[in-house]
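Everything below concerns the one structure shown next.
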Amino acid sequence: MTSLEEYIKKFEERTKKYIPPRSEWGPVEKALYGVKDIYRVDLKEAKELRFKAIKFQFSRQYEKNRFYRKLCKSQNIAPDDIKTEDDFKKIPLLEDRFFKSYPEGRDFALWIANIYTGDLPDILISKRNPRIDDVLREFNQKGLKIFYSSGTSGRHTFIPRDEKTFNRAIYGAAKGFASMAYPNLDFERVRGYLSLYVKNINLFAGIMGGMLSGLLKHVDYGIVLNIEVTTNMLQAAMRGRRNLIVRLASLYIDWRRTRKFITWLKERYNNKDDIALLGAPFFLNHIMNLLEKKEMYFDFGERSFIVTGGGWKVRENVRITTKEFREKAERVLGIPQTNCLDAYGMVEGNGFAFHCPEGHYLHLPYSFYYPMVIGKDGEKIEYGETGRFAFLDALADSYPGFIISGDEVKLLEHCPVCDRPGPVLEPEIKRARGEEVRGCAEEIRRMLSIGSR
Ligand SMILES: [Zn+2]
């Protein structure tokens, strides 16, 4: 068995392009890059790292983001007021809907500039009435990554990430997976599979894809689409409006991708390879159902993994539980339930929670991420009570990452099953009442209309 030291060394080797030189590390880098297993950092050490990283980031946002400073001033809070962790609750939070409150046309670029912390690259927009996608394209060409996500209302959430913030998010997600998959994951041997890969995509789902391709030596792709997914296309899909051609095209893509996936599985199995599948639960579930119908069973074993993300809706009004999914994976693919790991993250944040193999609770990366639950009156509530998920994210340089989400969660101080020391979320996360349906898997599901037939 590889020791954790050796394992992390291999991990750093694989992800080195995301790690800045040590000489440039500040409190944020130390809290992310300087720890080994991110879910097993000693509590005292983690609290110290986190306090420094979040205080540093809060001061940075206060100084460099005019709009956020105004918000702080209106609430009478300044960086000097943050003296201990207990003061974290004073840090002004942004509601997730704030990132949806954009104007159309030329003003959209200004709106992004207001959210953005730091020096925004200059862009030139020649059209008199630019569409949102025109503005996004210009920013993206200048190296900024404006991620978006969409809910059923058709409003998008836009989050601007600079390279530094983006690299931290990818590295953190990869480290989350690697930490939970220790010691059975062999980065150099295992063959990863992404069944659908869309180039030029700035949907948040892309971060997880980037995570896998960055981490593993071998990654195969099913269908690669070289199309621009515009905000209009996404909006139409989320609202359930699509024309016949789009519908037929998506059926065709789905048919090809299913066939390719099954062929790939057979090849890997005959080759005695270990595999790591990354995908949205609805699609992997759909593949496993097909295999079971054809009575095709595999036995990939304990060095193979499934990583899911993006939400657990498989059809309109139908959710599959993570437990049903794991049982199916064990039965059909022979991948042990301990190796089916779900990830939880959102477009507004850069910290990913991963399932622990033992109990499948969602462990939060507590050396750089401070989780909270907010009750109905807008105040922070205790562990064990249900409310809205909120967090202070030290990794966000390019926007203020102090956010209240629309997800309803229960936060526990420790995992009831495993011995990892940090806080966890109960595994089944739903949207809070009155919040629209959202999630990366849901976007892709609607774009491809799988399950709605
Ligand atoms: Zn656990």
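Please note that chains go A, B, ... in the order of the structure tokens, that every chain numbers its residues from 1, and that ligands are numbered from 1 in the order shown.
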- Message: Residues near stretch 297-314 of chain A, anyone? I mean within 8 Å using only C-alpha atoms, not counting same-chain ones fewer than 2 positions away, as number ranges by chain.
- Response: A: 184-186, 190, 205, 269, 272-283, 285, 291-292, 295, 316-322, 331-336, 339-345, 439-442, 451
Saved selection, atoms kept: N, CA and C atoms, as a tab-separated table (two decimals), in the first residue's frame:
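To be explicit, this is the file written out as result_15.tsv:
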```tsv
chain	number	residue	atom	x	y	z
A	184	ASN	N	-6.78	3.62	-2.94
A	184	ASN	CA	-7.04	2.73	-4.08
A	184	ASN	C	-6.93	3.36	-5.46
A	185	LEU	N	-6.92	4.69	-5.52
A	185	LEU	CA	-6.87	5.34	-6.83
A	185	LEU	C	-5.43	5.44	-7.31
A	186	ASP	N	-5.18	4.91	-8.50
A	186	ASP	CA	-3.84	5.01	-9.09
A	186	ASP	C	-3.92	5.98	-10.28
A	190	VAL	N	-5.29	4.12	-13.76
A	190	VAL	CA	-6.74	4.10	-13.99
A	190	VAL	C	-7.09	4.83	-15.29
A	205	ALA	N	-20.34	22.65	-15.01
A	205	ALA	CA	-20.03	21.22	-15.11
A	205	ALA	C	-18.62	21.00	-15.66
A	269	TYR	N	-12.88	-3.72	-19.81
A	269	TYR	CA	-13.05	-4.92	-19.00
A	269	TYR	C	-12.20	-6.07	-19.55
A	272	LYS	N	-8.68	-5.73	-18.66
A	272	LYS	CA	-8.44	-5.74	-17.20
A	272	LYS	C	-8.00	-4.37	-16.66
A	273	ASP	N	-8.55	-3.30	-17.20
A	273	ASP	CA	-8.22	-1.95	-16.74
A	273	ASP	C	-9.05	-1.57	-15.51
A	274	ASP	N	-8.48	-0.66	-14.71
A	274	ASP	CA	-9.28	0.00	-13.67
A	274	ASP	C	-9.91	1.22	-14.33
A	275	ILE	N	-11.11	1.58	-13.90
A	275	ILE	CA	-11.77	2.73	-14.54
A	275	ILE	C	-12.24	3.77	-13.52
A	276	ALA	N	-12.38	4.99	-14.00
A	276	ALA	CA	-12.98	6.06	-13.20
A	276	ALA	C	-13.98	6.78	-14.09
A	277	LEU	N	-15.25	6.61	-13.77
A	277	LEU	CA	-16.30	7.25	-14.57
A	277	LEU	C	-16.70	8.55	-13.91
A	278	LEU	N	-16.82	9.58	-14.72
A	278	LEU	CA	-17.28	10.85	-14.18
A	278	LEU	C	-18.53	11.23	-14.93
A	279	GLY	N	-19.59	11.54	-14.22
A	279	GLY	CA	-20.78	11.92	-14.96
A	279	GLY	C	-21.92	12.34	-14.08
A	280	ALA	N	-22.97	12.77	-14.77
A	280	ALA	CA	-24.19	13.16	-14.07
A	280	ALA	C	-24.95	11.88	-13.72
A	281	PRO	N	-25.54	11.84	-12.53
A	281	PRO	CA	-26.24	10.63	-12.09
A	281	PRO	C	-27.28	10.12	-13.10
A	282	PHE	N	-28.05	11.03	-13.72
A	282	PHE	CA	-29.12	10.55	-14.60
A	282	PHE	C	-28.55	9.76	-15.77
A	283	PHE	N	-27.39	10.18	-16.29
A	283	PHE	CA	-26.86	9.49	-17.47
A	283	PHE	C	-26.23	8.15	-17.09
A	285	ASN	N	-26.96	6.39	-14.60
A	285	ASN	CA	-28.08	5.55	-14.23
A	285	ASN	C	-28.75	4.94	-15.46
A	291	LEU	N	-27.59	-1.69	-19.45
A	291	LEU	CA	-26.74	-2.87	-19.28
A	291	LEU	C	-27.51	-3.98	-18.57
A	292	GLU	N	-28.26	-3.59	-17.57
A	292	GLU	CA	-28.99	-4.58	-16.80
A	292	GLU	C	-30.07	-5.25	-17.66
A	295	GLU	N	-28.64	-7.75	-19.71
A	295	GLU	CA	-27.95	-8.73	-18.86
A	295	GLU	C	-26.45	-8.73	-19.06
A	316	GLU	N	-38.25	13.97	-15.01
A	316	GLU	CA	-39.13	14.97	-14.43
A	316	GLU	C	-39.76	14.38	-13.16
A	317	ASN	N	-39.65	15.08	-12.07
A	317	ASN	CA	-40.24	14.67	-10.80
A	317	ASN	C	-39.74	13.35	-10.23
A	318	VAL	N	-38.68	12.79	-10.80
A	318	VAL	CA	-38.16	11.54	-10.25
A	318	VAL	C	-36.72	11.74	-9.82
A	319	ARG	N	-36.45	11.43	-8.57
A	319	ARG	CA	-35.08	11.47	-8.07
A	319	ARG	C	-34.66	10.06	-7.74
A	320	ILE	N	-33.38	9.77	-7.94
A	320	ILE	CA	-32.88	8.48	-7.50
A	320	ILE	C	-32.08	8.79	-6.24
A	321	THR	N	-32.10	7.89	-5.27
A	321	THR	CA	-31.29	8.18	-4.08
A	321	THR	C	-29.86	7.74	-4.36
A	322	THR	N	-28.93	8.36	-3.64
A	322	THR	CA	-27.53	8.01	-3.86
A	322	THR	C	-27.31	6.53	-3.49
A	331	ARG	N	-23.89	-3.84	-8.40
A	331	ARG	CA	-24.53	-4.98	-9.06
A	331	ARG	C	-24.12	-5.05	-10.53
A	332	VAL	N	-24.15	-3.94	-11.23
A	332	VAL	CA	-23.97	-3.96	-12.68
A	332	VAL	C	-22.51	-3.82	-13.10
A	333	LEU	N	-21.77	-2.95	-12.42
A	333	LEU	CA	-20.39	-2.70	-12.85
A	333	LEU	C	-19.36	-3.36	-11.93
A	334	GLY	N	-19.82	-3.86	-10.79
A	334	GLY	CA	-18.89	-4.47	-9.84
A	334	GLY	C	-17.97	-3.44	-9.21
A	335	ILE	N	-18.42	-2.20	-9.17
A	335	ILE	CA	-17.64	-1.15	-8.48
A	335	ILE	C	-18.21	-1.03	-7.07
A	336	PRO	N	-17.36	-1.27	-6.04
A	336	PRO	CA	-17.88	-1.29	-4.68
A	336	PRO	C	-18.56	0.03	-4.29
A	339	ASN	N	-16.65	3.06	-3.41
A	339	ASN	CA	-15.95	3.79	-4.47
A	339	ASN	C	-16.87	4.64	-5.33
A	340	CYS	N	-18.14	4.77	-4.92
A	340	CYS	CA	-19.06	5.66	-5.63
A	340	CYS	C	-19.13	6.95	-4.81
A	341	LEU	N	-18.51	7.99	-5.32
A	341	LEU	CA	-18.39	9.22	-4.55
A	341	LEU	C	-19.12	10.36	-5.25
A	342	ASP	N	-19.99	11.00	-4.52
A	342	ASP	CA	-20.72	12.13	-5.10
A	342	ASP	C	-20.05	13.42	-4.64
A	343	ALA	N	-20.03	14.40	-5.53
A	343	ALA	CA	-19.44	15.69	-5.18
A	343	ALA	C	-20.53	16.74	-5.16
A	344	TYR	N	-20.40	17.69	-4.25
A	344	TYR	CA	-21.37	18.78	-4.17
A	344	TYR	C	-20.62	20.11	-4.24
A	345	GLY	N	-20.98	20.89	-5.20
A	345	GLY	CA	-20.38	22.22	-5.32
A	345	GLY	C	-21.38	23.08	-6.06
A	439	GLY	N	-28.90	23.14	-11.26
A	439	GLY	CA	-27.88	22.11	-11.08
A	439	GLY	C	-27.29	21.73	-12.42
A	440	CYS	N	-25.99	21.39	-12.40
A	440	CYS	CA	-25.31	21.10	-13.66
A	440	CYS	C	-25.92	19.91	-14.36
A	441	ALA	N	-26.23	18.85	-13.60
A	441	ALA	CA	-26.76	17.65	-14.22
A	441	ALA	C	-28.12	17.97	-14.84
A	442	GLU	N	-28.87	18.83	-14.17
A	442	GLU	CA	-30.19	19.19	-14.65
A	442	GLU	C	-30.07	19.97	-15.97
A	451	GLY	N	-34.75	11.08	-20.52
A	451	GLY	CA	-35.70	10.80	-19.44
A	451	GLY	C	-37.03	11.49	-19.66
```
- stretch 70-128 of chain A: residues DSSP assigns to helix (DSSP H, G or I), reported as number ranges by chain: A: 70-74, 79-81, 85-90, 96-100, 107-115
- Item | Close residues, A:Gln75 itself excluded, 12 Å, only C-alpha atoms, min 6 positions apart in chain, as a ChimeraX atom specification | /A:68-69,81,90-93
Those same residues, written as a compact mmCIF listing (two decimals), in the first residue's frame with N, CA and C atoms?
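What follows is the written file selection.txt:
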```
# COMPACT_ATOMS: atom_id res chain seq x y z
N TYR A 68 -18.53 45.79 -3.07
CA TYR A 68 -18.57 45.01 -1.83
C TYR A 68 -18.22 45.88 -0.62
N ARG A 69 -17.27 46.80 -0.83
CA ARG A 69 -16.90 47.71 0.27
C ARG A 69 -18.11 48.55 0.70
N ASP A 81 -12.73 44.50 12.22
CA ASP A 81 -13.74 43.93 13.12
C ASP A 81 -13.65 42.41 13.21
N LYS A 90 -20.25 38.15 11.05
CA LYS A 90 -20.49 39.57 10.72
C LYS A 90 -20.19 39.87 9.25
N ILE A 91 -19.43 38.99 8.59
CA ILE A 91 -19.04 39.26 7.19
C ILE A 91 -20.28 39.29 6.30
N PRO A 92 -20.52 40.40 5.60
CA PRO A 92 -21.74 40.50 4.78
C PRO A 92 -21.78 39.43 3.67
N LEU A 93 -22.92 38.77 3.57
CA LEU A 93 -23.09 37.71 2.58
C LEU A 93 -23.89 38.23 1.39
```
- Message: Could you list, as a list of chain:residue names, all residues that come within 10 Å of ligand 1? Count only C-alpha atoms and all ligand atoms.
- Response: A:Tyr39, A:Met180, A:Phe354, A:His355, A:Cys356, A:Pro357, A:Glu358, A:Gly359, A:His360, A:Tyr361, A:Leu362, A:His363, A:His414, A:Cys415, A:Pro416, A:Val417, A:Cys418, A:Asp419, A:Arg420, A:Pro421, A:Gly422, A:Pro423, A:Val424, A:Leu425, A:Glu426
Mind dumping the selected residues with C-alpha atoms as an mmCIF file, in the first residue's frame?
```cif
data_model
loop_
_atom_site.group_PDB
_atom_site.id
_atom_site.type_symbol
_atom_site.label_atom_id
_atom_site.label_comp_id
_atom_site.auth_asym_id
_atom_site.auth_seq_id
_atom_site.Cartn_x
_atom_site.Cartn_y
_atom_site.Cartn_z
ATOM 1 C CA TYR A 39 -10.634 16.143 4.844
ATOM 2 C CA MET A 180 -11.491 10.359 -0.513
ATOM 3 C CA PHE A 354 -17.113 14.866 -1.375
ATOM 4 C CA HIS A 355 -18.795 11.774 -0.017
ATOM 5 C CA CYS A 356 -16.735 9.773 2.418
ATOM 6 C CA PRO A 357 -16.488 6.133 1.316
ATOM 7 C CA GLU A 358 -17.674 4.842 4.715
ATOM 8 C CA GLY A 359 -20.833 6.828 5.316
ATOM 9 C CA HIS A 360 -21.488 8.853 2.175
ATOM 10 C CA TYR A 361 -21.807 12.113 4.086
ATOM 11 C CA LEU A 362 -20.590 15.199 2.244
ATOM 12 C CA HIS A 363 -17.330 16.358 3.832
ATOM 13 C CA HIS A 414 -18.668 15.810 12.553
ATOM 14 C CA CYS A 415 -19.507 12.835 10.372
ATOM 15 C CA PRO A 416 -21.720 10.330 12.224
ATOM 16 C CA VAL A 417 -19.984 7.434 10.439
ATOM 17 C CA CYS A 418 -16.287 8.024 9.719
ATOM 18 C CA ASP A 419 -13.493 9.530 11.831
ATOM 19 C CA ARG A 420 -12.560 12.477 9.591
ATOM 20 C CA PRO A 421 -12.586 15.485 11.908
ATOM 21 C CA GLY A 422 -14.344 18.207 9.885
ATOM 22 C CA PRO A 423 -17.971 19.258 9.334
ATOM 23 C CA VAL A 424 -20.320 17.453 6.933
ATOM 24 C CA LEU A 425 -23.589 17.999 5.124
ATOM 25 C CA GLU A 426 -26.272 15.358 5.084
#
```
- Item | Atomic separation - atom CA of A:Asp220 relative to atom CA of A:Ala178, Å | 18.9 Å
- Task: Rank nothing, just name the residue among A:Asn350, A:Ser195, A:Gln141, A:Asn289 nearest to A:Ala329, using only C-alpha atoms.
- Result: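 Checking each of A:Asn350, A:Ser195, A:Gln141, A:Asn289 against A:Ala329, counting only C-alpha atoms, the winner is A:Asn289.
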- Query: A:Ser149, A:Thr263, A:Asn140, A:Gln61: which is nearest A:Gly118, counting only C-alpha atoms?
  - Reply: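 For A:Gly118, the nearest of the candidates is A:Gln61.
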- Rank nothing, just name the residue among A:Arg189, A:Lys127, A:Lys89, A:Lys430 nearest to A:Ile374, using only C-alpha atoms. A:Lys89
- Task: Apply DSSP to the backbone of this structure and, from stretch 28-166 of chain A, keep only the residues in strand (DSSP E or B); write these as a PyMOL selection string.
- Result: chain A and resi 94-95+145-150+156-161
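Distances to A:Phe368 were evaluated for A:Tyr399, A:Tyr197, A:Phe108, A:Phe391 using only C-alpha atoms, and the minimum falls at A:Phe391.
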- Message: Taking only C-alpha atoms into account, name the residue in A:Leu265, A:Tyr7, A:Gly406, A:Leu412 that is nearest to A:Met296.
- Response: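 Smallest separation from A:Met296 among the options: A:Leu265.
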- Note on the structure: Of A:Gly434, A:Pro365, A:Gly401, A:Gly154, the one sitting nearest A:Ala46 when using only C-alpha atoms is A:Pro365
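Omitting A:Arg50 and its sequence neighbours fewer than 4 positions away, and counting only C-alpha atoms, the residues within 10 Å are Pro27, Val28, Lys30, Ala31, Leu32, Lys44, Glu45, Ala46, Ile54, Lys55, Phe56, Glu85, Tyr366, Ser367, Phe368, Tyr369, Tyr370, Leu392, Asp393 and Ala394 of chain A.
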- Any idea what's packed within 7 Å of A:Ile159, counting only C-alpha atoms, ignoring anything in its chain fewer than 3 positions away? Could you give it as a list in words?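 Once the nearby chain positions are removed, what remains is Ile146, Phe147, Tyr148 and Glu348 of chain A.
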- Query: Distance atom CA of A:Thr231-atom CA of A:Asp119, one decimal place?
  - Reply: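 Going from atom CA of A:Thr231 over to atom CA of A:Asp119 covers 25.2 Å.
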